[in-house]
Amino acid sequence: MKKYLLSFTIACTLLSCGVQKINQNMNLPQDWKHTTNIYEVNLRQYTKEGTFKAFEKEMPRLKNMGVKTLWFMPVTPIAQLNKKGSLGSQYAASDYTSINPEFGTMDEFKHMVNEAHRLGFKVIIDWVANHTGWDHVWTKTHPEFYLKDPDGSFHKASGMDDIIELDYKNREMRKEMTDAMKFWVRETGIDGFRCDLASWVEVDFWIEARPEVEKIKPLFFIGEYDELENPDYGKVFDASYSWKWMHKSADYYKKNEPISELTDLLKQYSAIGDASMRAWFTTNHDENSWNGTEFEKYGDITKPMAVFSATWNGIPLLYSGQELPNMKRLEFFEKDVIEWNGKYDMADFYKTLLSLKSSNPALRGGDSAVSTYLLNTTANDKILAYVRKNGKDEVLVVLNFSKEPVNFTIQDENVTGTFKNVFDKTKRDFSEGKDFNFKVSDFAVFEK
């Protein structure tokens, strides 16, 4: 494990360490996981039609924007019993091996996956293993697969009365769940899974299931859990969510908390090591619908937060419509199409970031060859600055995380030589000075 320093009082802070996965026999996905990004597709709200066919037309645009991996929210049919709203939740499945007719047919899904692969995308689907809807086929064929209340009724999931929880003590259910995951890999050629509420399912299931599913081909697994709270899940998942960061950064902006709260948390994430990665994001389907848009949460630092998500150690995760940008909360249980205007005002911004993430070795996620240093500035209470290095390659990121203009200097010997600004293409020789004059919302990203 690399040694790292945890203080702003020195020239820089090393935030990189390497830890080997506990399960050494587990198949790992190919090298693309280190350079990828993930774009979440809310198919229901993406187009007026809300279908696989309609979304196919959008894929060349996303390819041009630099998107590498497409994550589709659940594509399985939705349970009708006790459903919410007129359309129900995509996370309340009625069958694990069928297609939601709202989106199209199985053949149309396969066609879309094939077209995505032709364009160079990887494709992952949402996998909801903790629970099903009330009229899932298993409720009739295998009611013993479910947790039960004392009165014998199916056990509702915590806080969500449209779904019921599965019993992972049942070995036959585990086998059927694993077989269902195999079905999608074998029949449709997907490249992995985004596992919903992964930590609500016993970790030993994932440890057993992943190698079984990967007998078909190596896959990418990202789990919806925070590894700071559920460290054992890092044994099996390639990447996890950064929920604590998302909540803490929102509190930082809204409640005027000290920036040290953020840097201290980053040090905790970095101490996990590089055997697994974190996914960084400013919004997703849950956050947008229930807690507000990224602009409601982050205000003046929305763009600096997006830059951070694309350049810190891990994987950037984008949500449908961020390239507009989407300024509204999308309905979850009803049809509520994203208000596309054909302008895509943020597309070039994201293209620059995603292209840099994919091409510069210094931004490889989960790679112990990369070191990440927090930098000391004359405004550590307002500015987040860091440099990432991999051999001769370097990326310098400077972000105004305050609500006011800031004039400051980077006080760090680790930043030397000439860098190119990736946004305006100008060159800057930092041996001649490291002064910055930032307006509100300003940021800068340089590569060397």
# chains A, B, ... in the order shown; residues from 1 in each chain; ligands from 1
$ residues_around --residues "region 301-318 of chain A" --least-positions-apart "6" --cutoff "6 Å" --atoms "only C-alpha atoms" --output "count of residues only"
13
$ closest_residue --among "A:Asn64, A:Ser289, A:Asn230, A:Asn360" --to "Glu334 (chain A)" --atoms "only C-alpha atoms"
A:Ser289
$ closest_atom_pairs --of "region 75-131 of chain A" --to "region 45-53 of chain A" --cutoff "12 Å" --atoms "only C-alpha atoms" --output "Markdown table"
| residue | atom | partner | partner_atom | distance |
| --- | --- | --- | --- | --- |
| A:Val75 | CA | A:Phe52 | CA | 9.8 |
| A:Leu87 | CA | A:Gln45 | CA | 11.9 |
| A:Gln90 | CA | A:Gln45 | CA | 12.0 |
| A:Ile99 | CA | A:Phe52 | CA | 10.8 |
| A:Asn100 | CA | A:Thr51 | CA | 9.9 |
| A:Pro101 | CA | A:Thr51 | CA | 9.0 |
| A:Glu102 | CA | A:Thr51 | CA | 7.0 |
| A:Phe103 | CA | A:Thr51 | CA | 4.2 |
| A:Gly104 | CA | A:Thr51 | CA | 5.8 |
| A:Thr105 | CA | A:Phe52 | CA | 8.4 |
| A:Met106 | CA | A:Phe52 | CA | 9.7 |
| A:Asp107 | CA | A:Phe52 | CA | 10.0 |
| A:Glu108 | CA | A:Phe52 | CA | 6.4 |
| A:Phe109 | CA | A:Phe52 | CA | 6.1 |
| A:Lys110 | CA | A:Phe52 | CA | 9.3 |
| A:His111 | CA | A:Lys53 | CA | 8.6 |
| A:Met112 | CA | A:Phe52 | CA | 6.4 |
| A:Val113 | CA | A:Phe52 | CA | 9.3 |
| A:Asn114 | CA | A:Phe52 | CA | 11.8 |
| A:Glu115 | CA | A:Lys53 | CA | 10.6 |
| A:Ala116 | CA | A:Phe52 | CA | 11.1 |
$ residues_around --residues "Asn341 (chain A)" --least-positions-apart "4" --cutoff "12 Å" --atoms "only C-alpha atoms" --output "ChimeraX atom specification"
/A:47,321,323-326,337,345
$ closest_atom_pairs --of "region 18-91 of chain A" --to "region 147-163 of chain A" --cutoff "12 Å" --atoms "only C-alpha atoms" --output "JSON lines"
{"residue": "A:Ile78", "atom": "CA", "partner": "A:Asp162", "partner_atom": "CA", "distance": 10.6}
{"residue": "A:Ala79", "atom": "CA", "partner": "A:Asp162", "partner_atom": "CA", "distance": 8.6}
{"residue": "A:Gln80", "atom": "CA", "partner": "A:Asp162", "partner_atom": "CA", "distance": 9.2}
{"residue": "A:Leu81", "atom": "CA", "partner": "A:Asp162", "partner_atom": "CA", "distance": 7.8}
{"residue": "A:Asn82", "atom": "CA", "partner": "A:Asp162", "partner_atom": "CA", "distance": 5.3}
{"residue": "A:Lys83", "atom": "CA", "partner": "A:Asp162", "partner_atom": "CA", "distance": 5.5}
{"residue": "A:Lys84", "atom": "CA", "partner": "A:Asp162", "partner_atom": "CA", "distance": 6.7}
{"residue": "A:Gly85", "atom": "CA", "partner": "A:Asp162", "partner_atom": "CA", "distance": 10.5}
{"residue": "A:Gly88", "atom": "CA", "partner": "A:Asp162", "partner_atom": "CA", "distance": 8.6}
{"residue": "A:Ser89", "atom": "CA", "partner": "A:Asp162", "partner_atom": "CA", "distance": 8.2}
{"residue": "A:Gln90", "atom": "CA", "partner": "A:Ile163", "partner_atom": "CA", "distance": 10.8}
{"residue": "A:Tyr91", "atom": "CA", "partner": "A:Ile163", "partner_atom": "CA", "distance": 8.2}
$ select_by_dssp --residues "region 286-378 of chain A" --states "alpha helix (DSSP H)" --output "PyMOL selection string"
chain A and resi 286+294-298+302-311+347-359
